[in-house]
file structure_29.pdb (PDB, C-alpha atoms, pLDDT in the B column)
ATOM      1  CA  MET A   1     -10.067   4.878  16.507  1.00 95.00           C
ATOM      2  CA  ARG A   2     -13.052   6.921  15.375  1.00 97.00           C
ATOM      3  CA  TYR A   3     -15.890   5.402  13.363  1.00 98.00           C
ATOM      4  CA  ASP A   4     -18.472   7.484  11.522  1.00 98.00           C
ATOM      5  CA  VAL A   5     -21.475   5.511  10.295  1.00 98.00           C
ATOM      6  CA  LEU A   6     -23.879   6.899   7.701  1.00 98.00           C
ATOM      7  CA  THR A   7     -27.335   5.324   7.851  1.00 98.00           C
ATOM      8  CA  ILE A   8     -31.044   6.099   7.622  1.00 98.00           C
ATOM      9  CA  PHE A   9     -31.659   3.961  10.719  1.00 97.00           C
ATOM     10  CA  PRO A  10     -29.423   5.426  13.464  1.00 98.00           C
ATOM     11  CA  ASP A  11     -31.358   3.671  16.245  1.00 98.00           C
ATOM     12  CA  PHE A  12     -30.223   0.336  14.804  1.00 97.00           C
ATOM     13  CA  PHE A  13     -26.851   0.789  16.512  1.00 98.00           C
ATOM     14  CA  GLU A  14     -27.960   1.678  20.038  1.00 96.00           C
ATOM     15  CA  SER A  15     -28.170  -1.777  21.572  1.00 97.00           C
ATOM     16  CA  PRO A  16     -25.147  -3.451  19.901  1.00 97.00           C
ATOM     17  CA  LEU A  17     -22.862  -0.582  20.879  1.00 97.00           C
ATOM     18  CA  ASN A  18     -23.998  -0.855  24.498  1.00 97.00           C
ATOM     19  CA  GLN A  19     -22.890  -4.449  24.975  1.00 96.00           C
ATOM     20  CA  THR A  20     -19.702  -6.147  26.203  1.00 93.00           C
ATOM     21  CA  ILE A  21     -16.411  -5.390  24.437  1.00 96.00           C
ATOM     22  CA  LEU A  22     -17.577  -2.464  22.303  1.00 97.00           C
ATOM     23  CA  LYS A  23     -19.316  -0.820  25.256  1.00 97.00           C
ATOM     24  CA  ARG A  24     -16.168  -1.035  27.390  1.00 97.00           C
ATOM     25  CA  ALA A  25     -13.954   0.198  24.561  1.00 98.00           C
ATOM     26  CA  ILE A  26     -16.186   3.232  24.055  1.00 98.00           C
ATOM     27  CA  ALA A  27     -16.359   3.953  27.787  1.00 98.00           C
ATOM     28  CA  ARG A  28     -12.554   3.868  28.023  1.00 97.00           C
ATOM     29  CA  GLY A  29     -12.140   6.163  25.033  1.00 97.00           C
ATOM     30  CA  LEU A  30     -10.332   3.534  22.965  1.00 98.00           C
ATOM     31  CA  ILE A  31     -12.863   3.852  20.151  1.00 98.00           C
ATOM     32  CA  SER A  32     -15.739   6.187  19.345  1.00 98.00           C
ATOM     33  CA  VAL A  33     -18.696   5.330  17.133  1.00 98.00           C
ATOM     34  CA  ASN A  34     -20.601   8.299  15.750  1.00 98.00           C
ATOM     35  CA  VAL A  35     -23.821   7.483  13.923  1.00 98.00           C
ATOM     36  CA  HIS A  36     -25.122  10.037  11.413  1.00 98.00           C
ATOM     37  CA  ASP A  37     -28.626  10.122   9.973  1.00 98.00           C
ATOM     38  CA  ILE A  38     -28.360  10.537   6.206  1.00 98.00           C
ATOM     39  CA  ARG A  39     -31.807  12.161   6.224  1.00 98.00           C
ATOM     40  CA  ASP A  40     -30.303  15.174   8.007  1.00 98.00           C
ATOM     41  CA  TYR A  41     -28.390  16.007   4.835  1.00 98.00           C
ATOM     42  CA  THR A  42     -31.146  15.824   2.253  1.00 97.00           C
ATOM     43  CA  LEU A  43     -32.352  18.960   0.480  1.00 94.00           C
ATOM     44  CA  ASP A  44     -35.854  17.494   0.216  1.00 88.00           C
ATOM     45  CA  LYS A  45     -38.279  19.083   2.675  1.00 90.00           C
ATOM     46  CA  HIS A  46     -39.806  15.661   3.304  1.00 93.00           C
ATOM     47  CA  ARG A  47     -36.359  14.228   4.107  1.00 95.00           C
ATOM     48  CA  ASN A  48     -36.630  11.661   1.331  1.00 95.00           C
ATOM     49  CA  VAL A  49     -33.375   9.875   0.571  1.00 97.00           C
ATOM     50  CA  ASP A  50     -34.512   7.582  -2.263  1.00 96.00           C
ATOM     51  CA  ASP A  51     -36.191   7.661  -5.646  1.00 96.00           C
ATOM     52  CA  SER A  52     -37.273   5.302  -8.413  1.00 96.00           C
ATOM     53  CA  PRO A  53     -34.459   3.972 -10.628  1.00 95.00           C
ATOM     54  CA  TYR A  54     -33.791   5.423 -14.051  1.00 95.00           C
ATOM     55  CA  GLY A  55     -34.645   2.856 -16.698  1.00 95.00           C
ATOM     56  CA  GLY A  56     -37.406   1.388 -14.602  1.00 93.00           C
ATOM     57  CA  GLY A  57     -37.432  -1.646 -12.385  1.00 90.00           C
ATOM     58  CA  SER A  58     -38.629  -2.625  -8.952  1.00 89.00           C
ATOM     59  CA  GLY A  59     -37.629  -0.999  -5.703  1.00 93.00           C
ATOM     60  CA  MET A  60     -36.019   2.325  -4.920  1.00 96.00           C
ATOM     61  CA  VAL A  61     -32.467   3.665  -5.150  1.00 96.00           C
ATOM     62  CA  MET A  62     -30.759   5.808  -2.517  1.00 97.00           C
ATOM     63  CA  ALA A  63     -29.973   9.241  -3.928  1.00 97.00           C
ATOM     64  CA  ALA A  64     -26.406  10.491  -4.230  1.00 98.00           C
ATOM     65  CA  GLN A  65     -26.896  13.999  -2.839  1.00 98.00           C
ATOM     66  CA  PRO A  66     -27.523  13.300   0.887  1.00 98.00           C
ATOM     67  CA  ILE A  67     -24.892  10.553   1.076  1.00 98.00           C
ATOM     68  CA  VAL A  68     -22.198  12.661  -0.566  1.00 98.00           C
ATOM     69  CA  ALA A  69     -23.169  15.727   1.486  1.00 98.00           C
ATOM     70  CA  ALA A  70     -22.925  13.727   4.722  1.00 98.00           C
ATOM     71  CA  ALA A  71     -19.580  12.188   3.770  1.00 97.00           C
ATOM     72  CA  GLU A  72     -18.066  15.511   2.713  1.00 96.00           C
ATOM     73  CA  ASP A  73     -19.258  17.239   5.887  1.00 96.00           C
ATOM     74  CA  ILE A  74     -17.715  14.546   8.099  1.00 94.00           C
ATOM     75  CA  ARG A  75     -14.507  14.503   6.068  1.00 92.00           C
ATOM     76  CA  ALA A  76     -14.195  18.297   6.428  1.00 92.00           C
ATOM     77  CA  LYS A  77     -14.647  18.070  10.195  1.00 88.00           C
ATOM     78  CA  ARG A  78     -11.972  15.372  10.511  1.00 81.00           C
ATOM     79  CA  GLY A  79      -9.383  17.599   8.846  1.00 77.00           C
ATOM     80  CA  ALA A  80      -6.993  16.905   5.984  1.00 60.00           C
ATOM     81  CA  SER A  81      -4.196  15.895   8.344  1.00 57.00           C
ATOM     82  CA  GLU A  82      -6.066  12.853   9.678  1.00 70.00           C
ATOM     83  CA  SER A  83      -6.246   9.617   7.704  1.00 81.00           C
ATOM     84  CA  LEU A  84      -9.806   8.687   6.742  1.00 91.00           C
ATOM     85  CA  LYS A  85     -10.915   5.403   5.216  1.00 96.00           C
ATOM     86  CA  ILE A  86     -14.326   5.400   3.549  1.00 97.00           C
ATOM     87  CA  ILE A  87     -16.058   2.022   3.337  1.00 98.00           C
ATOM     88  CA  LEU A  88     -19.219   1.065   1.499  1.00 98.00           C
ATOM     89  CA  ALA A  89     -20.877  -2.111   2.744  1.00 96.00           C
ATOM     90  CA  THR A  90     -22.009  -3.826  -0.457  1.00 94.00           C
ATOM     91  CA  PRO A  91     -22.406  -7.363  -1.877  1.00 92.00           C
ATOM     92  CA  GLN A  92     -20.119  -6.413  -4.763  1.00 93.00           C
ATOM     93  CA  GLY A  93     -17.191  -5.566  -2.482  1.00 95.00           C
ATOM     94  CA  ARG A  94     -14.083  -7.557  -1.661  1.00 96.00           C
ATOM     95  CA  PRO A  95     -14.784 -10.366   0.835  1.00 97.00           C
ATOM     96  CA  PHE A  96     -14.152  -9.271   4.404  1.00 98.00           C
ATOM     97  CA  GLU A  97     -11.388 -11.339   6.014  1.00 95.00           C
ATOM     98  CA  GLN A  98      -9.229 -11.183   9.114  1.00 94.00           C
ATOM     99  CA  LYS A  99      -6.337  -9.623   7.202  1.00 93.00           C
ATOM    100  CA  ILE A 100      -8.632  -6.792   6.085  1.00 97.00           C
ATOM    101  CA  ALA A 101      -9.715  -6.183   9.687  1.00 97.00           C
ATOM    102  CA  ARG A 102      -6.043  -5.937  10.647  1.00 95.00           C
ATOM    103  CA  GLU A 103      -5.403  -3.603   7.716  1.00 96.00           C
ATOM    104  CA  LEU A 104      -8.281  -1.280   8.621  1.00 97.00           C
ATOM    105  CA  ALA A 105      -7.089  -1.052  12.217  1.00 96.00           C
ATOM    106  CA  GLY A 106      -4.189   1.025  10.900  1.00 95.00           C
ATOM    107  CA  PHE A 107      -6.499   3.962  10.171  1.00 95.00           C
ATOM    108  CA  LYS A 108      -7.442   6.583  12.751  1.00 94.00           C
ATOM    109  CA  ASN A 109     -10.783   7.364  11.167  1.00 96.00           C
ATOM    110  CA  ILE A 110     -13.152   5.004   9.353  1.00 97.00           C
ATOM    111  CA  MET A 111     -16.389   6.065   7.692  1.00 98.00           C
ATOM    112  CA  ILE A 112     -18.914   3.343   6.813  1.00 98.00           C
ATOM    113  CA  ILE A 113     -21.776   4.016   4.419  1.00 98.00           C
ATOM    114  CA  CYS A 114     -24.833   1.808   4.901  1.00 98.00           C
ATOM    115  CA  GLY A 115     -26.945   1.342   1.806  1.00 96.00           C
ATOM    116  CA  ARG A 116     -30.599   0.295   1.697  1.00 93.00           C
ATOM    117  CA  TYR A 117     -33.346  -0.598  -0.781  1.00 90.00           C
ATOM    118  CA  GLU A 118     -32.037  -1.670  -4.211  1.00 90.00           C
ATOM    119  CA  GLY A 119     -28.693   0.037  -3.631  1.00 93.00           C
ATOM    120  CA  ILE A 120     -27.197   3.502  -3.956  1.00 96.00           C
ATOM    121  CA  ASP A 121     -26.735   5.839  -6.903  1.00 97.00           C
ATOM    122  CA  GLU A 122     -23.484   4.802  -8.619  1.00 97.00           C
ATOM    123  CA  ARG A 123     -22.243   8.391  -8.518  1.00 97.00           C
ATOM    124  CA  VAL A 124     -21.647   8.016  -4.787  1.00 98.00           C
ATOM    125  CA  ILE A 125     -18.943   5.489  -5.656  1.00 97.00           C
ATOM    126  CA  ASP A 126     -17.590   7.652  -8.479  1.00 97.00           C
ATOM    127  CA  ILE A 127     -17.247  10.682  -6.202  1.00 98.00           C
ATOM    128  CA  LEU A 128     -16.174   9.179  -2.871  1.00 97.00           C
ATOM    129  CA  ASN A 129     -14.207   6.181  -4.187  1.00 97.00           C
ATOM    130  CA  PRO A 130     -14.970   4.036  -1.124  1.00 97.00           C
ATOM    131  CA  ASP A 131     -13.417   0.704  -0.298  1.00 98.00           C
ATOM    132  CA  GLU A 132     -16.272  -1.659  -1.158  1.00 98.00           C
ATOM    133  CA  ILE A 133     -16.516  -4.529   1.323  1.00 98.00           C
ATOM    134  CA  SER A 134     -18.841  -7.534   1.501  1.00 97.00           C
ATOM    135  CA  ILE A 135     -19.311  -9.724   4.580  1.00 97.00           C
ATOM    136  CA  GLY A 136     -20.690 -12.634   2.569  1.00 96.00           C
ATOM    137  CA  ASP A 137     -22.520 -13.892  -0.485  1.00 95.00           C
ATOM    138  CA  TYR A 138     -26.064 -13.437   0.755  1.00 93.00           C
ATOM    139  CA  VAL A 139     -28.664 -10.694   0.809  1.00 91.00           C
ATOM    140  CA  LEU A 140     -29.309  -8.436   3.811  1.00 95.00           C
ATOM    141  CA  SER A 141     -31.827  -5.630   4.191  1.00 95.00           C
ATOM    142  CA  GLY A 142     -29.096  -3.010   4.445  1.00 96.00           C
ATOM    143  CA  GLY A 143     -25.540  -2.156   5.383  1.00 97.00           C
ATOM    144  CA  GLU A 144     -26.106  -1.723   9.101  1.00 98.00           C
ATOM    145  CA  LEU A 145     -25.294  -5.309  10.104  1.00 98.00           C
ATOM    146  CA  PRO A 146     -22.131  -5.367   7.948  1.00 98.00           C
ATOM    147  CA  ALA A 147     -21.085  -2.067   9.539  1.00 98.00           C
ATOM    148  CA  LEU A 148     -21.377  -3.594  13.013  1.00 98.00           C
ATOM    149  CA  VAL A 149     -19.428  -6.665  11.902  1.00 98.00           C
ATOM    150  CA  ILE A 150     -16.622  -4.490  10.550  1.00 98.00           C
ATOM    151  CA  ILE A 151     -16.525  -2.304  13.666  1.00 98.00           C
ATOM    152  CA  ASP A 152     -16.373  -5.332  15.971  1.00 98.00           C
ATOM    153  CA  ALA A 153     -13.683  -7.156  13.981  1.00 97.00           C
ATOM    154  CA  VAL A 154     -11.481  -4.089  13.474  1.00 98.00           C
ATOM    155  CA  SER A 155     -11.783  -2.869  17.067  1.00 98.00           C
ATOM    156  CA  ARG A 156     -10.290  -6.119  18.353  1.00 96.00           C
ATOM    157  CA  TYR A 157      -6.982  -4.952  16.879  1.00 95.00           C
ATOM    158  CA  ILE A 158      -7.039  -1.627  18.727  1.00 96.00           C
ATOM    159  CA  PRO A 159      -4.550  -1.762  21.634  1.00 94.00           C
ATOM    160  CA  ASP A 160      -6.139  -2.526  25.028  1.00 95.00           C
ATOM    161  CA  VAL A 161      -9.634  -3.174  23.612  1.00 96.00           C
ATOM    162  CA  LEU A 162      -9.396  -6.871  24.500  1.00 93.00           C
ATOM    163  CA  GLY A 163      -7.232  -6.347  27.542  1.00 79.00           C
ATOM    164  CA  SER A 164      -4.700  -8.884  26.261  1.00 66.00           C
ATOM    165  CA  GLU A 165      -2.488  -8.417  23.235  1.00 58.00           C
ATOM    166  CA  THR A 166      -2.328 -12.180  22.736  1.00 53.00           C
ATOM    167  CA  SER A 167      -6.100 -12.663  22.570  1.00 64.00           C
ATOM    168  CA  VAL A 168      -6.593 -11.375  19.041  1.00 71.00           C
ATOM    169  CA  GLU A 169      -3.541 -13.217  17.764  1.00 63.00           C
ATOM    170  CA  MET A 170      -5.012 -16.504  19.002  1.00 59.00           C
ATOM    171  CA  ASP A 171      -8.376 -15.913  17.337  1.00 66.00           C
ATOM    172  CA  THR A 172      -9.661 -18.114  14.545  1.00 63.00           C
ATOM    173  CA  PHE A 173      -8.233 -16.966  11.180  1.00 68.00           C
ATOM    174  CA  SER A 174      -5.525 -14.807  12.791  1.00 60.00           C
ATOM    175  CA  HIS A 175      -2.897 -17.175  11.386  1.00 79.00           C
ATOM    176  CA  GLY A 176      -5.006 -18.353   8.501  1.00 88.00           C
ATOM    177  CA  LEU A 177      -6.294 -21.474  10.274  1.00 94.00           C
ATOM    178  CA  LEU A 178      -9.409 -22.400  12.203  1.00 94.00           C
ATOM    179  CA  LYS A 179      -8.931 -22.395  15.953  1.00 92.00           C
ATOM    180  CA  TYR A 180      -8.244 -25.608  17.856  1.00 94.00           C
ATOM    181  CA  PRO A 181     -10.966 -27.144  20.121  1.00 95.00           C
ATOM    182  CA  GLN A 182     -11.340 -25.643  23.587  1.00 95.00           C
ATOM    183  CA  TYR A 183     -12.081 -27.370  26.925  1.00 96.00           C
ATOM    184  CA  THR A 184     -12.629 -26.312  30.523  1.00 95.00           C
ATOM    185  CA  ARG A 185     -13.680 -27.932  33.825  1.00 95.00           C
ATOM    186  CA  PRO A 186     -14.855 -30.537  34.608  1.00 97.00           C
ATOM    187  CA  GLU A 187     -12.205 -32.902  33.289  1.00 97.00           C
ATOM    188  CA  GLU A 188     -14.913 -35.421  32.357  1.00 97.00           C
ATOM    189  CA  PHE A 189     -18.456 -34.602  31.265  1.00 97.00           C
ATOM    190  CA  MET A 190     -21.079 -37.185  30.290  1.00 97.00           C
ATOM    191  CA  GLY A 191     -18.364 -39.741  29.659  1.00 97.00           C
ATOM    192  CA  LEU A 192     -16.286 -37.403  27.493  1.00 97.00           C
ATOM    193  CA  LYS A 193     -12.824 -36.514  28.781  1.00 97.00           C
ATOM    194  CA  ALA A 194     -10.717 -33.464  28.019  1.00 97.00           C
ATOM    195  CA  PRO A 195      -7.604 -34.372  25.953  1.00 97.00           C
ATOM    196  CA  SER A 196      -4.734 -35.592  28.127  1.00 97.00           C
ATOM    197  CA  ALA A 197      -2.290 -33.268  26.356  1.00 97.00           C
ATOM    198  CA  LEU A 198      -4.105 -30.238  27.758  1.00 97.00           C
ATOM    199  CA  LEU A 199      -3.891 -31.657  31.282  1.00 97.00           C
ATOM    200  CA  SER A 200      -0.204 -32.506  31.100  1.00 95.00           C
ATOM    201  CA  GLY A 201       1.149 -29.154  32.231  1.00 95.00           C
ATOM    202  CA  ASN A 202       3.748 -29.465  29.454  1.00 97.00           C
ATOM    203  CA  HIS A 203       3.520 -26.227  27.452  1.00 97.00           C
ATOM    204  CA  LYS A 204       5.324 -27.620  24.420  1.00 96.00           C
ATOM    205  CA  GLU A 205       3.027 -30.622  24.315  1.00 97.00           C
ATOM    206  CA  VAL A 206       0.004 -28.350  24.611  1.00 97.00           C
ATOM    207  CA  GLU A 207       1.218 -26.178  21.737  1.00 96.00           C
ATOM    208  CA  ARG A 208       1.911 -29.224  19.546  1.00 96.00           C
ATOM    209  CA  TRP A 209      -1.569 -30.588  20.260  1.00 97.00           C
ATOM    210  CA  ARG A 210      -3.211 -27.261  19.496  1.00 96.00           C
ATOM    211  CA  ARG A 211      -1.319 -26.842  16.229  1.00 96.00           C
ATOM    212  CA  ARG A 212      -2.217 -30.341  15.098  1.00 97.00           C
ATOM    213  CA  GLU A 213      -5.889 -29.912  16.003  1.00 97.00           C
ATOM    214  CA  SER A 214      -5.985 -26.526  14.289  1.00 96.00           C
ATOM    215  CA  LEU A 215      -4.604 -28.053  11.113  1.00 97.00           C
ATOM    216  CA  LYS A 216      -6.998 -31.005  11.438  1.00 97.00           C
ATOM    217  CA  ARG A 217     -10.058 -28.794  11.901  1.00 97.00           C
ATOM    218  CA  THR A 218      -9.060 -26.590   8.966  1.00 96.00           C
ATOM    219  CA  LEU A 219      -8.425 -29.616   6.751  1.00 97.00           C
ATOM    220  CA  GLU A 220     -11.837 -31.061   7.614  1.00 97.00           C
ATOM    221  CA  LYS A 221     -13.955 -27.921   7.522  1.00 97.00           C
ATOM    222  CA  ARG A 222     -12.131 -25.284   5.444  1.00 95.00           C
ATOM    223  CA  PRO A 223      -9.432 -26.968   3.317  1.00 96.00           C
ATOM    224  CA  ASP A 224      -9.432 -23.929   1.025  1.00 95.00           C
ATOM    225  CA  LEU A 225      -7.683 -21.936   3.767  1.00 94.00           C
ATOM    226  CA  LEU A 226      -4.630 -24.199   3.620  1.00 95.00           C
ATOM    227  CA  GLU A 227      -3.945 -22.987   0.085  1.00 93.00           C
ATOM    228  CA  LYS A 228      -3.673 -19.377   1.263  1.00 90.00           C
ATOM    229  CA  ILE A 229      -1.054 -19.708   4.009  1.00 92.00           C
ATOM    230  CA  GLU A 230       2.581 -20.669   4.251  1.00 93.00           C
ATOM    231  CA  LEU A 231       2.935 -24.038   5.966  1.00 95.00           C
ATOM    232  CA  SER A 232       6.062 -25.198   7.778  1.00 95.00           C
ATOM    233  CA  GLU A 233       7.639 -28.537   6.944  1.00 96.00           C
ATOM    234  CA  GLU A 234       6.264 -29.888  10.217  1.00 97.00           C
ATOM    235  CA  ASP A 235       2.779 -28.662   9.247  1.00 96.00           C
ATOM    236  CA  LYS A 236       3.053 -30.469   5.921  1.00 97.00           C
ATOM    237  CA  ILE A 237       4.023 -33.692   7.663  1.00 97.00           C
ATOM    238  CA  ILE A 238       1.078 -33.386  10.044  1.00 97.00           C
ATOM    239  CA  ILE A 239      -1.346 -32.762   7.171  1.00 97.00           C
ATOM    240  CA  LYS A 240       0.037 -35.741   5.279  1.00 96.00           C
ATOM    241  CA  GLU A 241      -0.528 -37.931   8.335  1.00 96.00           C
ATOM    242  CA  LEU A 242      -4.042 -36.565   8.823  1.00 96.00           C
ATOM    243  CA  LYS A 243      -4.985 -37.306   5.218  1.00 95.00           C
ATOM    244  CA  LYS A 244      -4.031 -40.923   5.737  1.00 89.00           C
TER     245      LYS A 244
END

call {"tool": "encode", "arguments": {"input": "structure_29.pdb", "output": "structure tokens"}}
result
Amino acid sequence: MRYDVLTIFPDFFESPLNQTILKRAIARGLISVNVHDIRDYTLDKHRNVDDSPYGGGSGMVMAAQPIVAAAEDIRAKRGASESLKIILATPQGRPFEQKIARELAGFKNIMIICGRYEGIDERVIDILNPDEISIGDYVLSGGELPALVIIDAVSRYIPDVLGSETSVEMDTFSHGLLKYPQYTRPEEFMGLKAPSALLSGNHKEVERWRRRESLKRTLEKRPDLLEKIELSEEDKIIIKELKK
């Protein structure tokens, strides 16, 4: 998987990409993250990438020319034969979910455009037709943090990145539910004991306990998720019992 990130703050990515899972994935050649400075593509001798908005108003707007020039240059270098997904990190995009991360992992090349200031010239969207994605209903200073979130979440679906194919499938949200509680040694800590089901050595009992706790946690904390997934008859019985 190759990522190309367009930003006016390329140094923003240095530390996050040199930590833990992403660092190992890059070192092993499983993914590559190429950060491009949008300022390198401006025609302005002062390397300005923004201007005041037409119609007036506060703040500045990122100009279309350097963003489009950068995107077209990268797209040309990738070649027409390679699939390329262009993403714009924006509050007006579709909410980023686990299923979208899984979907994006099917592409060989992903380009992420990071906006700043009051936003970008709308003609960038008209010309490039990016997939607009939002990581939440709140305001950030720019698209760099969303880009890192997307890269991290998508990369977990790339074979061998996690070292275990089952790891990502057991993650929270992978099956539409919140993950069950986790415990490790010691068996008792400050008077609190680990659940006996997890100590039984009975795999079926462990799986039943985990499924029930996953349903319970989702019902308590994110009941809206239960409306989006297909529940088995056994799940429905468990939920009915939990509601009582």

call {"tool": "resolve_selection", "arguments": {"input": "structure_29.pdb", "expression": "the PyMOL selection byres ((chain A and resi 197) around 12)", "output": "PyMOL selection string"}}
result
chain A and resi 183+193-196+198-210+212-213

call {"tool": "resolve_selection", "arguments": {"input": "structure_29.pdb", "expression": "the PyMOL selection byres ((chain A and resi 236) around 12)", "output": "ChimeraX atom specification"}}
result
/A:211-212,215-216,219,226-227,229-235,237-243

call {"tool": "write_last_selection", "arguments": {"input": "structure_29.pdb", "atoms": "C-alpha atoms", "output": "JSON list (two decimals), in the frame of the given file"}}
result
[["chain", "number", "residue", "atom", "x", "y", "z"],
["A", 211, "ARG", "CA", -1.32, -26.84, 16.23],
["A", 212, "ARG", "CA", -2.22, -30.34, 15.10],
["A", 215, "LEU", "CA", -4.60, -28.05, 11.11],
["A", 216, "LYS", "CA", -7.00, -31.00, 11.44],
["A", 219, "LEU", "CA", -8.43, -29.62, 6.75],
["A", 226, "LEU", "CA", -4.63, -24.20, 3.62],
["A", 227, "GLU", "CA", -3.94, -22.99, 0.08],
["A", 229, "ILE", "CA", -1.05, -19.71, 4.01],
["A", 230, "GLU", "CA", 2.58, -20.67, 4.25],
["A", 231, "LEU", "CA", 2.94, -24.04, 5.97],
["A", 232, "SER", "CA", 6.06, -25.20, 7.78],
["A", 233, "GLU", "CA", 7.64, -28.54, 6.94],
["A", 234, "GLU", "CA", 6.26, -29.89, 10.22],
["A", 235, "ASP", "CA", 2.78, -28.66, 9.25],
["A", 237, "ILE", "CA", 4.02, -33.69, 7.66],
["A", 238, "ILE", "CA", 1.08, -33.39, 10.04],
["A", 239, "ILE", "CA", -1.35, -32.76, 7.17],
["A", 240, "LYS", "CA", 0.04, -35.74, 5.28],
["A", 241, "GLU", "CA", -0.53, -37.93, 8.34],
["A", 242, "LEU", "CA", -4.04, -36.56, 8.82],
["A", 243, "LYS", "CA", -4.99, -37.31, 5.22]]

call {"tool": "atom_distance", "arguments": {"input": "structure_29.pdb", "atom1": "atom CA of A:Pro66", "atom2": "atom CA of A:Asp51"}}
result
12.2 Å

call {"tool": "residues_around", "arguments": {"input": "structure_29.pdb", "residues": "A:Arg39", "least_positions_apart": "2", "cutoff": "8 Å", "atoms": "only C-alpha atoms", "output": "list in words"}}
result
Ile8, Asp37, Tyr41, Thr42, Arg47, Asn48, Val49 and Pro66 of chain A

call {"tool": "resolve_selection", "arguments": {"input": "structure_29.pdb", "expression": "the PyMOL selection byres ((chain A and resi 87-104) around 6)", "output": "ChimeraX atom specification"}}
result
/A:86,105-107,111-114,130-135,143,153-154

call {"tool": "closest_residue", "arguments": {"input": "structure_29.pdb", "among": "A:Ala69, A:Ile110, A:Leu177, A:Ile38", "to": "A:Asp4", "atoms": "all atoms listed in the file"}}
result
A:Ile110

call {"tool": "atom_distance", "arguments": {"input": "structure_29.pdb", "atom1": "atom CA of A:Val124", "atom2": "atom CA of A:Pro16"}}
result
27.4 Å

call {"tool": "residues_around", "arguments": {"input": "structure_29.pdb", "residues": "A:Val61", "least_positions_apart": "5", "cutoff": "9 Å", "atoms": "all atoms listed in the file", "output": "ChimeraX atom specification"}}
result
/A:49-53,116-121

call {"tool": "atom_distance", "arguments": {"input": "structure_29.pdb", "atom1": "atom CA of A:Leu148", "atom2": "atom CA of A:Lys23"}}
result
12.7 Å

call {"tool": "residues_around", "arguments": {"input": "structure_29.pdb", "residues": "A:Arg123", "least_positions_apart": "5", "cutoff": "10 Å", "atoms": "all atoms listed in the file", "output": "ChimeraX atom specification"}}
result
/A:63-65,68,128-129

call {"tool": "closest_residue", "arguments": {"input": "structure_29.pdb", "among": "A:Arg217, A:Asn109, A:Ser155, A:Val33", "to": "A:Arg75", "atoms": "all atoms listed in the file"}}
result
A:Asn109
